[in-house]
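K.L.:
So I've got this file, final_14.cif, and it contains mmCIF, C-alpha atoms:
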data_protein
loop_
_atom_site.group_PDB
_atom_site.id
_atom_site.type_symbol
_atom_site.label_atom_id
_atom_site.label_comp_id
_atom_site.auth_asym_id
_atom_site.auth_seq_id
_atom_site.Cartn_x
_atom_site.Cartn_y
_atom_site.Cartn_z
ATOM 1 C CA MET K 160 47.628 119.277 385.889
ATOM 2 C CA LYS K 161 49.160 115.796 386.057
ATOM 3 C CA THR K 162 47.359 112.882 384.404
ATOM 4 C CA ALA K 163 48.176 109.214 384.902
ATOM 5 C CA LEU K 164 47.279 106.197 382.817
ATOM 6 C CA PHE K 165 46.357 102.901 384.480
ATOM 7 C CA PRO K 166 45.886 100.227 381.795
ATOM 8 C CA GLY K 167 44.356 96.858 382.561
ATOM 9 C CA ARG K 168 41.688 94.353 381.653
ATOM 10 C CA PHE K 169 39.937 94.502 385.053
ATOM 11 C CA GLN K 170 38.342 91.054 384.666
ATOM 12 C CA PRO K 171 37.080 91.689 387.362
ATOM 13 C CA PHE K 172 38.021 94.921 389.135
ATOM 14 C CA HIS K 173 39.409 94.072 392.593
ATOM 15 C CA LYS K 174 40.748 95.672 395.780
ATOM 16 C CA GLY K 175 44.278 95.774 394.366
ATOM 17 C CA HIS K 176 43.097 97.853 391.413
ATOM 18 C CA LEU K 177 41.251 100.170 393.805
ATOM 19 C CA LYS K 178 44.367 100.642 395.955
ATOM 20 C CA VAL K 179 46.457 101.548 392.898
ATOM 21 C CA ILE K 180 43.882 104.142 391.823
ATOM 22 C CA GLN K 181 43.741 105.640 395.321
ATOM 23 C CA ASP K 182 47.564 105.818 395.464
ATOM 24 C CA VAL K 183 47.846 107.272 391.948
ATOM 25 C CA LEU K 184 45.362 110.022 392.793
ATOM 26 C CA LYS K 185 47.564 111.105 395.734
ATOM 27 C CA ASP K 186 50.208 112.205 393.198
ATOM 28 C CA ASN K 187 48.082 113.047 390.147
ATOM 29 C CA ASP K 188 45.048 115.208 389.438
ATOM 30 C CA GLN K 189 43.443 112.774 387.000
ATOM 31 C CA ILE K 190 43.623 109.099 386.145
ATOM 32 C CA ILE K 191 42.697 107.484 382.856
ATOM 33 C CA ILE K 192 41.581 103.926 383.499
ATOM 34 C CA MET K 193 42.158 102.165 380.216
ATOM 35 C CA LEU K 194 40.076 99.043 379.695
ATOM 36 C CA GLY K 195 42.206 96.901 377.433
ATOM 37 C CA SER K 196 41.046 93.967 375.327
ATOM 38 C CA ALA K 197 37.782 95.819 374.828
ATOM 39 C CA GLN K 198 36.654 93.535 372.037
ATOM 40 C CA HIS K 199 36.743 90.385 374.196
ATOM 41 C CA SER K 200 33.967 89.031 376.422
ATOM 42 C CA HIS K 201 32.325 85.778 377.419
ATOM 43 C CA LYS K 202 35.653 83.919 377.326
ATOM 44 C CA LEU K 203 37.387 82.339 380.311
ATOM 45 C CA GLY K 204 40.077 85.032 380.541
ATOM 46 C CA HIS K 205 37.598 87.750 379.578
ATOM 47 C CA PRO K 206 34.216 86.848 381.123
ATOM 48 C CA LEU K 207 32.908 90.411 381.421
ATOM 49 C CA THR K 208 31.773 92.786 378.691
ATOM 50 C CA ILE K 209 33.212 96.264 378.368
ATOM 51 C CA GLU K 210 30.025 97.814 379.791
ATOM 52 C CA GLU K 211 30.057 95.424 382.747
ATOM 53 C CA ARG K 212 33.678 96.310 383.506
ATOM 54 C CA LYS K 213 32.866 100.029 383.367
ATOM 55 C CA THR K 214 29.877 99.500 385.660
ATOM 56 C CA LEU K 215 31.996 97.600 388.210
ATOM 57 C CA ILE K 216 34.704 100.260 388.259
ATOM 58 C CA ILE K 217 32.261 103.158 388.564
ATOM 59 C CA ALA K 218 30.437 101.394 391.418
ATOM 60 C CA ALA K 219 33.684 100.654 393.269
ATOM 61 C CA LEU K 220 35.035 104.195 392.842
ATOM 62 C CA LYS K 221 31.742 105.692 393.974
ATOM 63 C CA GLU K 222 31.761 103.412 397.023
ATOM 64 C CA ALA K 223 35.333 104.597 397.756
ATOM 65 C CA ASN K 224 34.245 108.250 397.467
ATOM 66 C CA ILE K 225 36.424 108.954 394.432
ATOM 67 C CA SER K 226 34.940 111.827 392.489
ATOM 68 C CA GLU K 227 33.964 111.376 388.842
ATOM 69 C CA LYS K 228 35.979 114.516 388.046
ATOM 70 C CA ASN K 229 39.186 112.649 388.949
ATOM 71 C CA TYR K 230 38.903 109.796 386.471
ATOM 72 C CA GLN K 231 37.966 108.747 382.968
ATOM 73 C CA ILE K 232 37.298 105.175 381.888
ATOM 74 C CA ILE K 233 38.145 104.522 378.253
ATOM 75 C CA ALA K 234 37.945 101.219 376.396
ATOM 76 C CA VAL K 235 40.641 100.340 373.860
ATOM 77 C CA GLU K 236 40.712 97.294 371.586
ATOM 78 C CA ASP K 237 43.792 95.100 371.267
ATOM 79 C CA ILE K 238 45.786 95.404 368.067
ATOM 80 C CA ASN K 239 48.148 92.472 368.806
ATOM 81 C CA ASP K 240 51.106 94.531 367.594
ATOM 82 C CA TYR K 241 53.505 95.319 370.447
ATOM 83 C CA PRO K 242 55.775 97.686 368.453
ATOM 84 C CA ASN K 243 52.785 99.897 367.593
ATOM 85 C CA TRP K 244 50.710 99.463 370.746
ATOM 86 C CA VAL K 245 51.864 102.678 372.455
ATOM 87 C CA SER K 246 51.097 104.730 369.329
ATOM 88 C CA HIS K 247 47.693 103.038 369.137
ATOM 89 C CA ILE K 248 46.697 103.842 372.717
ATOM 90 C CA SER K 249 48.217 107.336 372.541
ATOM 91 C CA TYR K 250 45.959 108.046 369.566
ATOM 92 C CA LYS K 251 42.878 106.660 371.366
ATOM 93 C CA LEU K 252 43.441 108.348 374.736
ATOM 94 C CA PRO K 253 43.756 111.909 376.026
ATOM 95 C CA LYS K 254 47.280 113.090 376.847
ATOM 96 C CA PHE K 255 48.814 111.449 379.915
ATOM 97 C CA ASP K 256 52.074 112.095 381.757
ATOM 98 C CA TYR K 257 52.627 108.886 383.710
ATOM 99 C CA VAL K 258 51.855 105.208 383.200
ATOM 100 C CA TYR K 259 51.255 103.034 386.261
ATOM 101 C CA THR K 260 51.561 99.327 385.554
ATOM 102 C CA GLY K 261 52.675 96.016 386.947
ATOM 103 C CA SER K 262 52.721 94.472 383.479
ATOM 104 C CA ASP K 263 56.133 93.641 382.045
ATOM 105 C CA ALA K 264 54.612 93.723 378.551
ATOM 106 C CA VAL K 265 53.305 97.286 379.021
ATOM 107 C CA LYS K 266 56.655 98.420 380.436
ATOM 108 C CA GLU K 267 58.469 96.900 377.461
ATOM 109 C CA CYS K 268 56.089 98.503 374.960
ATOM 110 C CA PHE K 269 56.790 101.961 376.415
ATOM 111 C CA ARG K 270 60.540 101.289 376.531
ATOM 112 C CA LEU K 271 60.525 100.307 372.854
ATOM 113 C CA ALA K 272 58.360 103.277 371.879
ATOM 114 C CA LYS K 273 60.783 105.678 373.575
ATOM 115 C CA LYS K 274 57.860 107.828 374.683
ATOM 116 C CA GLU K 275 58.362 110.641 377.147
ATOM 117 C CA ASN K 276 55.761 109.254 379.532
ATOM 118 C CA LYS K 277 57.300 108.127 382.792
ATOM 119 C CA VAL K 278 56.441 104.501 383.519
ATOM 120 C CA ILE K 279 55.924 103.819 387.210
ATOM 121 C CA ASP K 280 56.169 100.221 388.330
ATOM 122 C CA VAL K 281 53.330 98.852 390.429
ATOM 123 C CA PRO K 282 54.975 95.823 392.053
ATOM 124 C CA ARG K 283 52.579 92.893 392.001
ATOM 125 C CA GLU K 284 53.898 91.740 395.386
ATOM 126 C CA GLU K 285 52.462 94.885 396.999
ATOM 127 C CA ILE K 286 49.003 93.967 395.738
ATOM 128 C CA PRO K 287 48.759 90.183 396.091
ATOM 129 C CA ILE K 288 45.407 89.958 394.327
ATOM 130 C CA SER K 289 44.870 88.915 390.741
ATOM 131 C CA ALA K 290 41.766 88.796 388.602
ATOM 132 C CA THR K 291 42.967 85.403 387.360
ATOM 133 C CA GLU K 292 42.878 84.087 390.933
ATOM 134 C CA ILE K 293 39.406 85.559 391.467
ATOM 135 C CA ARG K 294 38.084 83.891 388.305
ATOM 136 C CA LYS K 295 39.689 80.591 389.375
ATOM 137 C CA ARG K 296 38.077 80.815 392.817
ATOM 138 C CA ILE K 297 34.682 81.587 391.304
ATOM 139 C CA LEU K 298 35.025 78.608 388.962
ATOM 140 C CA ASN K 299 35.992 76.292 391.848
ATOM 141 C CA ASN K 300 33.304 77.554 394.265
ATOM 142 C CA GLU K 301 35.960 78.984 396.591
ATOM 143 C CA ASP K 302 35.771 82.218 398.588
ATOM 144 C CA TRP K 303 36.516 85.206 396.355
ATOM 145 C CA GLU K 304 34.313 87.913 397.804
ATOM 146 C CA GLU K 305 36.949 89.362 400.158
ATOM 147 C CA LEU K 306 39.181 90.170 397.156
ATOM 148 C CA VAL K 307 36.783 92.652 395.559
ATOM 149 C CA PRO K 308 35.079 95.832 396.788
ATOM 150 C CA LYS K 309 31.560 95.242 398.184
ATOM 151 C CA ALA K 310 29.963 97.078 395.246
ATOM 152 C CA VAL K 311 31.746 94.747 392.814
ATOM 153 C CA GLU K 312 30.734 91.670 394.802
ATOM 154 C CA LYS K 313 27.073 92.707 394.730
ATOM 155 C CA LEU K 314 27.055 93.291 390.971
ATOM 156 C CA LEU K 315 28.916 90.079 390.135
ATOM 157 C CA LYS K 316 26.456 88.090 392.216
ATOM 158 C CA LYS K 317 23.509 89.923 390.651
ATOM 159 C CA TRP K 318 24.867 89.029 387.196
ATOM 160 C CA ASP K 319 25.435 85.405 388.328
ATOM 161 C CA ILE K 320 29.065 85.535 387.219
ATOM 162 C CA SER K 321 29.602 82.083 388.700
ATOM 163 C CA SER K 322 27.253 80.466 386.179
ATOM 164 C CA ARG K 323 28.793 82.415 383.306
ATOM 165 C CA ILE K 324 32.366 81.450 384.191
ATOM 166 C CA LYS K 325 31.366 77.803 384.627
ATOM 167 C CA LYS K 326 29.547 77.801 381.299
ATOM 168 C CA ILE K 327 32.411 79.372 379.334
ATOM 169 C CA SER K 328 35.003 77.124 380.995
ATOM 170 C CA LYS K 329 33.442 73.981 379.506
ATOM 171 C CA PRO K 330 34.833 72.884 376.151
ATOM 172 C CA SER K 331 32.366 73.520 373.367
ATOM 173 C CA SER K 332 30.810 70.521 371.702
ATOM 174 C CA LYS K 333 31.471 71.614 368.107
#
Reformat the file's structure so that it appears as C-alpha coordinates.
P.N.:
Amino acid sequence: MKTALFPGRFQPFHKGHLKVIQDVLKDNDQIIIMLGSAQHSHKLGHPLTIEERKTLIIAALKEANISEKNYQIIAVEDINDYPNWVSHISYKLPKFDYVYTGSDAVKECFRLAKKENKVIDVPREEIPISATEIRKRILNNEDWEELVPKAVEKLLKKWDISSRIKKISKPSSK
(Lines of atoms letter the chains of each structure in order from A and count residues from 1; the text may use other names and numbers.)
(Lines give C-alpha, C1' and ligand atoms only; values in the text may rest on other atoms or scores of the structure.)
Protein backbone atom coordinates (compact mmCIF):
# COMPACT_ATOMS: atom_id res chain seq x y z
CA MET A 1 0.00 0.00 0.00
CA LYS A 2 1.49 3.34 -1.06
CA THR A 3 0.88 6.42 1.07
CA ALA A 4 1.60 10.00 0.04
CA LEU A 5 2.00 13.12 2.13
CA PHE A 6 0.62 16.45 0.91
CA PRO A 7 1.64 19.20 3.35
CA GLY A 8 0.16 22.67 3.20
CA ARG A 9 -1.60 25.41 5.11
CA PHE A 10 -4.75 25.35 2.95
CA GLN A 11 -5.75 28.92 3.84
CA PRO A 12 -8.17 28.34 2.09
CA PHE A 13 -8.39 25.01 0.27
CA HIS A 14 -8.75 25.67 -3.47
CA LYS A 15 -9.18 23.91 -6.82
CA GLY A 16 -5.42 23.54 -7.23
CA HIS A 17 -5.20 21.62 -3.95
CA LEU A 18 -8.10 19.42 -5.06
CA LYS A 19 -6.41 18.65 -8.39
CA VAL A 20 -3.19 17.63 -6.63
CA ILE A 21 -5.11 15.28 -4.33
CA GLN A 22 -6.98 13.73 -7.26
CA ASP A 23 -3.70 13.23 -9.17
CA VAL A 24 -1.89 11.83 -6.12
CA LEU A 25 -4.65 9.28 -5.54
CA LYS A 26 -4.18 7.96 -9.11
CA ASP A 27 -0.72 6.69 -8.05
CA ASN A 28 -1.21 6.09 -4.32
CA ASP A 29 -3.68 4.20 -2.15
CA GLN A 30 -3.78 6.81 0.62
CA ILE A 31 -2.98 10.47 1.08
CA ILE A 32 -2.13 12.22 4.32
CA ILE A 33 -3.19 15.85 4.08
CA MET A 34 -1.01 17.62 6.60
CA LEU A 35 -2.39 20.91 7.86
CA GLY A 36 0.69 22.91 8.73
CA SER A 37 0.85 25.97 10.97
CA ALA A 38 -1.90 24.41 13.04
CA GLN A 39 -1.42 26.83 15.90
CA HIS A 40 -2.16 29.92 13.78
CA SER A 41 -5.56 31.46 13.05
CA HIS A 42 -7.27 34.82 12.75
CA LYS A 43 -4.18 36.40 11.17
CA LEU A 44 -3.96 37.77 7.63
CA GLY A 45 -1.88 34.85 6.32
CA HIS A 46 -3.78 32.37 8.49
CA PRO A 47 -7.42 33.53 8.66
CA LEU A 48 -8.95 30.08 9.22
CA THR A 49 -8.81 27.86 12.29
CA ILE A 50 -7.62 24.28 12.09
CA GLU A 51 -11.19 22.98 12.42
CA GLU A 52 -12.41 25.30 9.67
CA ARG A 53 -9.64 24.10 7.35
CA LYS A 54 -10.53 20.47 8.06
CA THR A 55 -14.21 21.20 7.42
CA LEU A 56 -13.42 22.87 4.07
CA ILE A 57 -11.24 19.99 2.90
CA ILE A 58 -13.72 17.30 3.95
CA ALA A 59 -16.56 19.16 2.19
CA ALA A 60 -14.53 19.58 -1.01
CA LEU A 61 -13.37 15.95 -1.07
CA LYS A 62 -16.90 14.72 -0.44
CA GLU A 63 -18.17 16.93 -3.26
CA ALA A 64 -15.46 15.43 -5.51
CA ASN A 65 -16.51 11.89 -4.54
CA ILE A 66 -13.21 11.06 -2.85
CA SER A 67 -13.78 8.36 -0.28
CA GLU A 68 -12.89 8.96 3.37
CA LYS A 69 -10.95 5.68 3.30
CA ASN A 70 -8.43 7.25 0.89
CA TYR A 71 -7.33 10.17 3.05
CA GLN A 72 -6.43 11.36 6.51
CA ILE A 73 -6.27 14.99 7.58
CA ILE A 74 -3.77 15.64 10.35
CA ALA A 75 -2.85 18.99 11.89
CA VAL A 76 0.78 19.68 12.81
CA GLU A 77 2.11 22.76 14.61
CA ASP A 78 5.11 24.69 13.32
CA ILE A 79 8.36 24.28 15.22
CA ASN A 80 10.27 26.99 13.29
CA ASP A 81 13.31 24.71 13.09
CA TYR A 82 14.02 23.67 9.49
CA PRO A 83 16.80 21.16 10.32
CA ASN A 84 14.44 19.22 12.60
CA TRP A 85 11.15 19.77 10.78
CA VAL A 86 11.15 16.44 8.91
CA SER A 87 11.82 14.52 12.14
CA HIS A 88 9.03 16.49 13.81
CA ILE A 89 6.41 15.71 11.17
CA SER A 90 7.60 12.10 10.81
CA TYR A 91 6.98 11.64 14.53
CA LYS A 92 3.51 13.25 14.31
CA LEU A 93 2.30 11.45 11.17
CA PRO A 94 1.74 7.85 10.09
CA LYS A 95 4.37 6.37 7.78
CA PHE A 96 4.37 7.81 4.26
CA ASP A 97 6.33 6.86 1.15
CA TYR A 98 6.10 9.97 -1.01
CA VAL A 99 5.90 13.71 -0.41
CA TYR A 100 4.07 15.87 -2.95
CA THR A 101 4.91 19.55 -2.68
CA GLY A 102 5.45 22.73 -4.62
CA SER A 103 7.23 24.33 -1.67
CA ASP A 104 10.96 24.90 -2.05
CA ALA A 105 11.27 25.01 1.74
CA VAL A 106 9.67 21.56 2.14
CA LYS A 107 11.87 20.12 -0.61
CA GLU A 108 14.97 21.54 1.07
CA CYS A 109 13.95 20.19 4.48
CA PHE A 110 13.66 16.66 3.07
CA ARG A 111 16.94 17.01 1.17
CA LEU A 112 18.73 18.06 4.36
CA ALA A 113 17.09 15.30 6.40
CA LYS A 114 18.27 12.68 3.91
CA LYS A 115 15.03 10.76 4.42
CA GLU A 116 14.13 7.87 2.18
CA ASN A 117 10.80 9.42 1.22
CA LYS A 118 10.69 10.35 -2.44
CA VAL A 119 9.83 14.02 -2.88
CA ILE A 120 7.67 14.68 -5.93
CA ASP A 121 7.59 18.22 -7.24
CA VAL A 122 4.20 19.78 -7.83
CA PRO A 123 5.07 22.63 -10.21
CA ARG A 124 3.18 25.75 -9.20
CA GLU A 125 2.82 26.72 -12.87
CA GLU A 126 0.59 23.68 -13.44
CA ILE A 127 -1.80 24.91 -10.76
CA PRO A 128 -1.93 28.70 -11.16
CA ILE A 129 -4.03 29.23 -8.05
CA SER A 130 -2.74 30.39 -4.70
CA ALA A 131 -4.45 30.81 -1.36
CA THR A 132 -2.59 34.11 -1.02
CA GLU A 133 -4.27 35.36 -4.20
CA ILE A 134 -7.67 34.18 -2.96
CA ARG A 135 -7.23 36.01 0.35
CA LYS A 136 -6.11 39.14 -1.53
CA ARG A 137 -9.16 38.99 -3.80
CA ILE A 138 -11.48 38.53 -0.83
CA LEU A 139 -9.88 41.52 0.91
CA ASN A 140 -10.24 43.69 -2.22
CA ASN A 141 -13.83 42.61 -3.02
CA GLU A 142 -12.69 40.92 -6.23
CA ASP A 143 -14.01 37.67 -7.72
CA TRP A 144 -12.49 34.68 -5.93
CA GLU A 145 -15.29 32.14 -6.02
CA GLU A 146 -14.18 30.43 -9.25
CA LEU A 147 -10.85 29.49 -7.61
CA VAL A 148 -12.37 27.25 -4.94
CA PRO A 149 -14.65 24.20 -5.04
CA LYS A 150 -18.37 25.06 -4.65
CA ALA A 151 -18.50 23.42 -1.21
CA VAL A 152 -15.63 25.64 -0.03
CA GLU A 153 -17.26 28.75 -1.48
CA LYS A 154 -20.51 28.03 0.36
CA LEU A 155 -18.79 27.52 3.71
CA LEU A 156 -16.55 30.58 3.39
CA LYS A 157 -19.57 32.73 2.60
CA LYS A 158 -21.54 31.18 5.47
CA TRP A 159 -18.65 32.02 7.82
CA ASP A 160 -18.45 35.57 6.35
CA ILE A 161 -14.75 35.15 5.64
CA SER A 162 -14.75 38.52 3.88
CA SER A 163 -15.52 40.37 7.12
CA ARG A 164 -12.93 38.36 9.03
CA ILE A 165 -10.15 39.00 6.52
CA LYS A 166 -11.00 42.71 6.40
CA LYS A 167 -11.02 42.93 10.19
CA ILE A 168 -7.68 41.16 10.66
CA SER A 169 -6.04 43.15 7.86
CA LYS A 170 -6.50 46.44 9.72
CA PRO A 171 -3.62 47.48 11.96
CA SER A 172 -4.52 47.11 15.61
CA SER A 173 -4.90 50.26 17.64
CA LYS A 174 -2.70 49.18 20.56
K.L.:
To one decimal place in Å, what is the distance between atom CA of Phe172 of chain K and atom CA of Tyr241 of chain K?
P.N.:
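Separating atom CA of Phe172 of chain K from atom CA of Tyr241 of chain K is a distance of 24.3 Å.
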K.L.:
Taking all atoms listed in the file into account, name the residue in K:Gly175, K:Leu252, K:Lys221, K:Ala272 that is nearest to Pro287 of chain K.
P.N.:
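Closest residue, counting all atoms listed in the file: K:Gly175.
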K.L.:
Considering only C-alpha atoms, can you say which of K:Ser262, K:Thr291, K:Gln181, K:Asn239 comes closest to Ala223 of chain K?
P.N.:
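Of the candidates, the smallest distance to Ala223 of chain K is held by K:Gln181.
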K.L.:
Within 8 Å of Asn229 of chain K, counting all atoms listed in the file, which residues show up once you throw out same-chain ones fewer than 5 positions away? Write them as a PDB file with C-alpha atoms, keeping the file's coordinate frame, please.
P.N.:
ATOM      1  CA  LEU K 184      45.362 110.022 392.793  1.00  0.00           C
ATOM      2  CA  ASP K 188      45.048 115.208 389.438  1.00  0.00           C
ATOM      3  CA  GLN K 189      43.443 112.774 387.000  1.00  0.00           C
ATOM      4  CA  ILE K 190      43.623 109.099 386.145  1.00  0.00           C
TER       5      ILE K 190
END
K.L.:
Any chance you could work out the residue set of the PyMOL selection byres ((chain K and resi 269) around 10) here, as a PyMOL selection string?
P.N.:
chain K and resi 241-246+258+264-268+270-278
K.L.:
Can you sort out segment 166-189 of chain K so it carries N, CA, C and O atoms, written as a PDB file, in the coordinates of the input?
P.N.:
ATOM      1  N   PRO K 166      46.483 101.190 382.720  1.00  0.00           N
ATOM      2  CA  PRO K 166      45.886 100.227 381.795  1.00  0.00           C
ATOM      3  C   PRO K 166      45.661  98.877 382.469  1.00  0.00           C
ATOM      4  O   PRO K 166      46.425  98.465 383.343  1.00  0.00           O
ATOM      5  N   GLY K 167      44.620  98.198 382.054  1.00  0.00           N
ATOM      6  CA  GLY K 167      44.356  96.858 382.561  1.00  0.00           C
ATOM      7  C   GLY K 167      43.133  96.270 381.889  1.00  0.00           C
ATOM      8  O   GLY K 167      42.432  96.942 381.134  1.00  0.00           O
ATOM      9  N   ARG K 168      42.887  95.000 382.177  1.00  0.00           N
ATOM     10  CA  ARG K 168      41.688  94.353 381.653  1.00  0.00           C
ATOM     11  C   ARG K 168      40.563  94.400 382.688  1.00  0.00           C
ATOM     12  O   ARG K 168      39.410  94.396 382.347  1.00  0.00           O
ATOM     13  N   PHE K 169      40.918  94.379 383.967  1.00  0.00           N
ATOM     14  CA  PHE K 169      39.937  94.502 385.053  1.00  0.00           C
ATOM     15  C   PHE K 169      38.830  93.455 384.919  1.00  0.00           C
ATOM     16  O   PHE K 169      37.656  93.780 384.875  1.00  0.00           O
ATOM     17  N   GLN K 170      39.255  92.174 384.887  1.00  0.00           N
ATOM     18  CA  GLN K 170      38.342  91.054 384.666  1.00  0.00           C
ATOM     19  C   GLN K 170      38.295  90.121 385.870  1.00  0.00           C
ATOM     20  O   GLN K 170      38.745  88.984 385.763  1.00  0.00           O
ATOM     21  N   PRO K 171      37.795  90.473 387.021  1.00  0.00           N
ATOM     22  CA  PRO K 171      37.080  91.689 387.362  1.00  0.00           C
ATOM     23  C   PRO K 171      37.968  92.699 388.099  1.00  0.00           C
ATOM     24  O   PRO K 171      39.094  92.401 388.479  1.00  0.00           O
ATOM     25  N   PHE K 172      37.406  93.869 388.323  1.00  0.00           N
ATOM     26  CA  PHE K 172      38.021  94.921 389.135  1.00  0.00           C
ATOM     27  C   PHE K 172      38.094  94.406 390.568  1.00  0.00           C
ATOM     28  O   PHE K 172      37.128  93.855 391.084  1.00  0.00           O
ATOM     29  N   HIS K 173      39.253  94.589 391.229  1.00  0.00           N
ATOM     30  CA  HIS K 173      39.409  94.072 392.593  1.00  0.00           C
ATOM     31  C   HIS K 173      40.039  95.120 393.516  1.00  0.00           C
ATOM     32  O   HIS K 173      40.339  96.246 393.091  1.00  0.00           O
ATOM     33  N   LYS K 174      40.225  94.741 394.774  1.00  0.00           N
ATOM     34  CA  LYS K 174      40.748  95.672 395.780  1.00  0.00           C
ATOM     35  C   LYS K 174      42.154  96.150 395.450  1.00  0.00           C
ATOM     36  O   LYS K 174      42.519  97.274 395.804  1.00  0.00           O
ATOM     37  N   GLY K 175      42.942  95.345 394.787  1.00  0.00           N
ATOM     38  CA  GLY K 175      44.278  95.774 394.366  1.00  0.00           C
ATOM     39  C   GLY K 175      44.206  96.902 393.360  1.00  0.00           C
ATOM     40  O   GLY K 175      44.943  97.886 393.459  1.00  0.00           O
ATOM     41  N   HIS K 176      43.302  96.778 392.394  1.00  0.00           N
ATOM     42  CA  HIS K 176      43.097  97.853 391.413  1.00  0.00           C
ATOM     43  C   HIS K 176      42.675  99.140 392.125  1.00  0.00           C
ATOM     44  O   HIS K 176      43.163 100.231 391.818  1.00  0.00           O
ATOM     45  N   LEU K 177      41.749  99.001 393.071  1.00  0.00           N
ATOM     46  CA  LEU K 177      41.251 100.170 393.805  1.00  0.00           C
ATOM     47  C   LEU K 177      42.383 100.850 394.566  1.00  0.00           C
ATOM     48  O   LEU K 177      42.498 102.075 394.551  1.00  0.00           O
ATOM     49  N   LYS K 178      43.248 100.063 395.205  1.00  0.00           N
ATOM     50  CA  LYS K 178      44.367 100.642 395.955  1.00  0.00           C
ATOM     51  C   LYS K 178      45.302 101.411 395.022  1.00  0.00           C
ATOM     52  O   LYS K 178      45.765 102.502 395.364  1.00  0.00           O
ATOM     53  N   VAL K 179      45.584 100.853 393.846  1.00  0.00           N
ATOM     54  CA  VAL K 179      46.457 101.548 392.898  1.00  0.00           C
ATOM     55  C   VAL K 179      45.833 102.887 392.518  1.00  0.00           C
ATOM     56  O   VAL K 179      46.510 103.923 392.528  1.00  0.00           O
ATOM     57  N   ILE K 180      44.555 102.897 392.205  1.00  0.00           N
ATOM     58  CA  ILE K 180      43.882 104.142 391.823  1.00  0.00           C
ATOM     59  C   ILE K 180      43.937 105.160 392.952  1.00  0.00           C
ATOM     60  O   ILE K 180      44.247 106.336 392.731  1.00  0.00           O
ATOM     61  N   GLN K 181      43.677 104.717 394.177  1.00  0.00           N
ATOM     62  CA  GLN K 181      43.741 105.640 395.321  1.00  0.00           C
ATOM     63  C   GLN K 181      45.152 106.205 395.484  1.00  0.00           C
ATOM     64  O   GLN K 181      45.317 107.404 395.706  1.00  0.00           O
ATOM     65  N   ASP K 182      46.174 105.357 395.343  1.00  0.00           N
ATOM     66  CA  ASP K 182      47.564 105.818 395.464  1.00  0.00           C
ATOM     67  C   ASP K 182      47.946 106.758 394.324  1.00  0.00           C
ATOM     68  O   ASP K 182      48.606 107.777 394.541  1.00  0.00           O
ATOM     69  N   VAL K 183      47.530 106.432 393.105  1.00  0.00           N
ATOM     70  CA  VAL K 183      47.846 107.272 391.948  1.00  0.00           C
ATOM     71  C   VAL K 183      47.242 108.666 392.123  1.00  0.00           C
ATOM     72  O   VAL K 183      47.878 109.672 391.806  1.00  0.00           O
ATOM     73  N   LEU K 184      46.022 108.720 392.642  1.00  0.00           N
ATOM     74  CA  LEU K 184      45.362 110.022 392.793  1.00  0.00           C
ATOM     75  C   LEU K 184      45.963 110.871 393.923  1.00  0.00           C
ATOM     76  O   LEU K 184      45.676 112.059 394.005  1.00  0.00           O
ATOM     77  N   LYS K 185      46.835 110.304 394.727  1.00  0.00           N
ATOM     78  CA  LYS K 185      47.564 111.105 395.734  1.00  0.00           C
ATOM     79  C   LYS K 185      48.610 111.987 395.048  1.00  0.00           C
ATOM     80  O   LYS K 185      48.957 113.050 395.550  1.00  0.00           O
ATOM     81  N   ASP K 186      49.133 111.504 393.897  1.00  0.00           N
ATOM     82  CA  ASP K 186      50.208 112.205 393.198  1.00  0.00           C
ATOM     83  C   ASP K 186      49.790 112.815 391.864  1.00  0.00           C
ATOM     84  O   ASP K 186      50.604 113.447 391.198  1.00  0.00           O
ATOM     85  N   ASN K 187      48.560 112.567 391.444  1.00  0.00           N
ATOM     86  CA  ASN K 187      48.082 113.047 390.147  1.00  0.00           C
ATOM     87  C   ASN K 187      46.693 113.645 390.303  1.00  0.00           C
ATOM     88  O   ASN K 187      45.940 113.265 391.192  1.00  0.00           O
ATOM     89  N   ASP K 188      46.358 114.568 389.402  1.00  0.00           N
ATOM     90  CA  ASP K 188      45.048 115.208 389.438  1.00  0.00           C
ATOM     91  C   ASP K 188      43.968 114.337 388.803  1.00  0.00           C
ATOM     92  O   ASP K 188      42.819 114.359 389.208  1.00  0.00           O
ATOM     93  N   GLN K 189      44.373 113.594 387.780  1.00  0.00           N
ATOM     94  CA  GLN K 189      43.443 112.774 387.000  1.00  0.00           C
ATOM     95  C   GLN K 189      44.051 111.405 386.756  1.00  0.00           C
ATOM     96  O   GLN K 189      45.277 111.272 386.694  1.00  0.00           O
TER      97      GLN K 189
END
